[in-house]
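Down below is the structure, laid out as structure tokens.
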Amino acid sequence: MKSAKIVGLGKYLPPKRLKNSDLEKIVDTTDQWITTRTGIKERRIAMDSSSSELAHRAAKRALKDAGLKADDLDLIIVASITPDNFFPSTACRLQNLIKARNAAAFDISAACSGFVYGLTCAWQLIGGGLYKNVLVVGSEVLSSITDWKDRSTCVLFGDGAGAAVLTQTNKKSFLSAHLGADGSRGNLLHIPAGGSRMPATCQTVDQNLHTIKMKGNELFRVAVRIMVDAAKVALSKADLKTKDLDLLVPHQANKRIIDAVAKTLKIKDKVYYNLARYGNMSSASCAVALCEAYQKAKVKKGDIVVLDTFGGGLVWGSCVLKWTL
């Protein structure tokens with residue numbers, strides 16, 4: 001059985017910065033309150049751009065980094081909870097934007113774990129011999145589903161996209177993955193209306209039910225435990241321990257969550273953070289963080305890298321890579 005490796009990475013962050021001082025003018029909050037409780041100082045806002053447009057820019061950069069053309073792609077996977085439409089898929093829109101005429105395309109909805117879910121799917125599809133070159137993108141315009149009157153949530157989220165190109169290899173680069181879910185806790189982080197369960201009506205719009213709702217305190221406690229467990233399980237599947245880890249790239253949701261995970265795993269100096277500059281970008285967070293860690297030479301060939309994510313669903317996902325770039 002073949003395996004897969006990442007051969008190119010790219011990211012795109014919209015130029016519009018929304019700082020904590022800007023939010024002070026919108027809701028009853030302060031820079032100190034936001035920074036102390038979340039670690040976030042600013043976030044990017046896409047303005048009039050859609051998820052497919054952000055994905056387009058990130059994908060082009062990843063393809064350039066990989067030295068491949070869009071026609072070389074066999075498959076495109078887009079992870080997003082802010083798709084352009086219910087259908088066609090954002091992946092199909094992206095396929096058209098980059099002119100990847102030979103590629104199949106589909107979306108994944110796995111919230112903040114979407115990029116890891118996508119990488120895992122790509123790894124297995126390449127390993128099974130069905131595809132050779134796969135593009136995986138996490139792209140979000142969370143500003144479009146944020147309640148800008150809710151100070152407990154509007155300070156958290158931002159927009160952006162990160163992309164990875166995977167190709168077939170005979171060497172082991174993806175060492176393991178661990179995916180999980182607990183649908184019984186879906187109400188901790190969700191959007192109540194907009195689907196077939198609660199279609200859009202004047203009433204759902206008036207009640208602001210098409211924006212993110214979150215039970216932050218409960219989610220915090222669950223997130224730390226599950227992210228620690230997910231990282232340990234993935235490492236165990238690869239016959240590795242936390243001491244073997246060179247870099248943890250976690251979902252960037254809250255600095256206190258990441259700090260607690262790092263402390264529990266005893267890897268305080270082996271964690272990549274970019275939360276302060278971008279906030280929580282859901283599926284794009286881990287993708288952008290991985291790309292930045294690579295571009296800033298925080299990871300070198302042969303390093304053991306763990307991606308560790310957790311999000312609404314509830315879902316979680318982690319994977320272990322032996323770095324080859």
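Naming works like this for the structure tokens: A, B, ... for the chains as they're shown, residue 1 at the start of each chain, ligands 1 onward in shown order.
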
Near-Lys60 (chain A) list (9 Å; only C-alpha atoms; drop same-chain fewer than 5 positions) as a PDB file with N, CA and C atoms, in the first residue's frame:
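Output saved as around-v1.pdb:
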ATOM      1  N   GLY A  10       0.095  26.495   1.464  1.00  0.00           N
ATOM      2  CA  GLY A  10      -0.194  27.891   1.158  1.00  0.00           C
ATOM      3  C   GLY A  10      -1.271  28.417   2.075  1.00  0.00           C
ATOM      4  N   ALA A  55     -10.168  30.321  -0.508  1.00  0.00           N
ATOM      5  CA  ALA A  55      -9.561  29.026  -0.830  1.00  0.00           C
ATOM      6  C   ALA A  55      -8.754  29.098  -2.118  1.00  0.00           C
ATOM      7  N   ASP A  65       4.013  26.189  -4.357  1.00  0.00           N
ATOM      8  CA  ASP A  65       4.996  25.629  -3.437  1.00  0.00           C
ATOM      9  C   ASP A  65       5.305  24.173  -3.771  1.00  0.00           C
ATOM     10  N   LYS A  69       0.762  21.928 -11.236  1.00  0.00           N
ATOM     11  CA  LYS A  69      -0.277  22.724 -11.888  1.00  0.00           C
ATOM     12  C   LYS A  69      -1.649  22.197 -11.479  1.00  0.00           C
ATOM     13  N   ALA A  70      -2.662  23.003 -11.651  1.00  0.00           N
ATOM     14  CA  ALA A  70      -4.019  22.589 -11.293  1.00  0.00           C
ATOM     15  C   ALA A  70      -4.443  21.333 -12.051  1.00  0.00           C
ATOM     16  N   ILE A  98      -9.642  27.439 -10.116  1.00  0.00           N
ATOM     17  CA  ILE A  98      -8.234  27.146 -10.423  1.00  0.00           C
ATOM     18  C   ILE A  98      -8.087  26.350 -11.718  1.00  0.00           C
ATOM     19  N   ALA A 163      -4.057  25.782   2.757  1.00  0.00           N
ATOM     20  CA  ALA A 163      -4.142  24.680   1.802  1.00  0.00           C
ATOM     21  C   ALA A 163      -2.895  23.807   1.838  1.00  0.00           C
TER      22      ALA A 163
END

Tell me, in Å to one decimal, how far CA of Ala231 (chain A) is from CA of Leu63 (chain A). 28.8 Å

Option closest in space to Thr82 (chain A), from A:Ile304, A:Leu235, A:Leu240, A:Ile191 [counting only C-alpha atoms]: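 The closest residue to Thr82 (chain A) is A:Ile191.
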
Selection near region 275-282 of chain A, 8 Å with only C-alpha atoms, sequence-local residues under 6 positions removed, as a PyMOL selection string: chain A and resi 39-44+80-81+111-114+140-142+156-160+251-255+311

Those residues with C-alpha atoms, as a PDB file, in the first residue's frame please?
ATOM      1  CA  GLY A  39      -5.188  35.471  23.933  1.00  0.00           C
ATOM      2  CA  ILE A  40      -6.572  37.137  20.788  1.00  0.00           C
ATOM      3  CA  LYS A  41      -5.434  40.643  19.799  1.00  0.00           C
ATOM      4  CA  GLU A  42      -6.891  40.901  16.284  1.00  0.00           C
ATOM      5  CA  ARG A  43      -8.532  38.885  13.531  1.00  0.00           C
ATOM      6  CA  ARG A  44      -8.936  39.130   9.746  1.00  0.00           C
ATOM      7  CA  SER A  80     -15.663  24.566   5.640  1.00  0.00           C
ATOM      8  CA  ILE A  81     -18.642  25.420   7.845  1.00  0.00           C
ATOM      9  CA  ALA A 111     -15.998  22.391  11.996  1.00  0.00           C
ATOM     10  CA  CYS A 112     -12.580  23.140  13.506  1.00  0.00           C
ATOM     11  CA  SER A 113     -11.363  19.592  12.786  1.00  0.00           C
ATOM     12  CA  GLY A 114     -12.216  19.824   9.093  1.00  0.00           C
ATOM     13  CA  GLU A 140     -13.775  30.003   6.403  1.00  0.00           C
ATOM     14  CA  VAL A 141     -15.628  33.306   6.414  1.00  0.00           C
ATOM     15  CA  LEU A 142     -16.806  33.095  10.012  1.00  0.00           C
ATOM     16  CA  LEU A 156     -13.348  34.946  18.975  1.00  0.00           C
ATOM     17  CA  PHE A 157     -13.680  34.428  15.246  1.00  0.00           C
ATOM     18  CA  GLY A 158     -11.862  35.449  12.074  1.00  0.00           C
ATOM     19  CA  ASP A 159     -11.589  34.611   8.385  1.00  0.00           C
ATOM     20  CA  GLY A 160      -8.857  32.889   6.376  1.00  0.00           C
ATOM     21  CA  HIS A 251      -6.450  24.292  16.668  1.00  0.00           C
ATOM     22  CA  GLN A 252      -6.210  27.969  17.549  1.00  0.00           C
ATOM     23  CA  ALA A 253      -9.381  28.555  19.573  1.00  0.00           C
ATOM     24  CA  ASN A 254      -8.244  29.922  22.924  1.00  0.00           C
ATOM     25  CA  LYS A 255      -4.770  30.426  24.372  1.00  0.00           C
ATOM     26  CA  GLY A 311     -14.671  21.690  17.298  1.00  0.00           C
TER      27      GLY A 311
END

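Distances here use only C-alpha atoms; by that measure, the residue among A:Ala177, A:Val224, A:Val205, A:Leu73 closest to Pro192 (chain A) is A:Val205.
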
Which of these residues is nearest to Lys232 (chain A), using only C-alpha atoms: A:Glu53, A:Asp308, A:Glu292, A:Asp48?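 The answer is A:Asp308, which sits nearest to Lys232 (chain A).
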
Using only C-alpha atoms, pick whichever of A:Gly216, A:Gly129, A:Gly180, A:Gly8 has the shortest atom-to-atom distance to Lys64 (chain A). A:Gly8

Counting only C-alpha atoms, what is within 9 Å of Val271 (chain A), bar same-chain residues fewer than 3 positions away, as a PyMOL selection string? chain A and resi 246-250+258-259+262+267-268

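Among the candidates A:His178, A:Lys5, A:Arg37, A:Arg225, the one nearest to Asn133 (chain A) when counting only C-alpha atoms is A:Lys5.
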
Run DSSP on the backbone of this structure and report the residues of region 149-277 of chain A it assigns to helix (DSSP H, G or I), as a PyMOL selection string. chain A and resi 183-188+202-206+216-237+242-244+255-265+268-270+275-277

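For the residues A:Ala62, A:Val27, A:Cys92, A:Val116, ranking by smallest atom-to-atom distance to Tyr294 (chain A) using only C-alpha atoms places A:Ala62 first.
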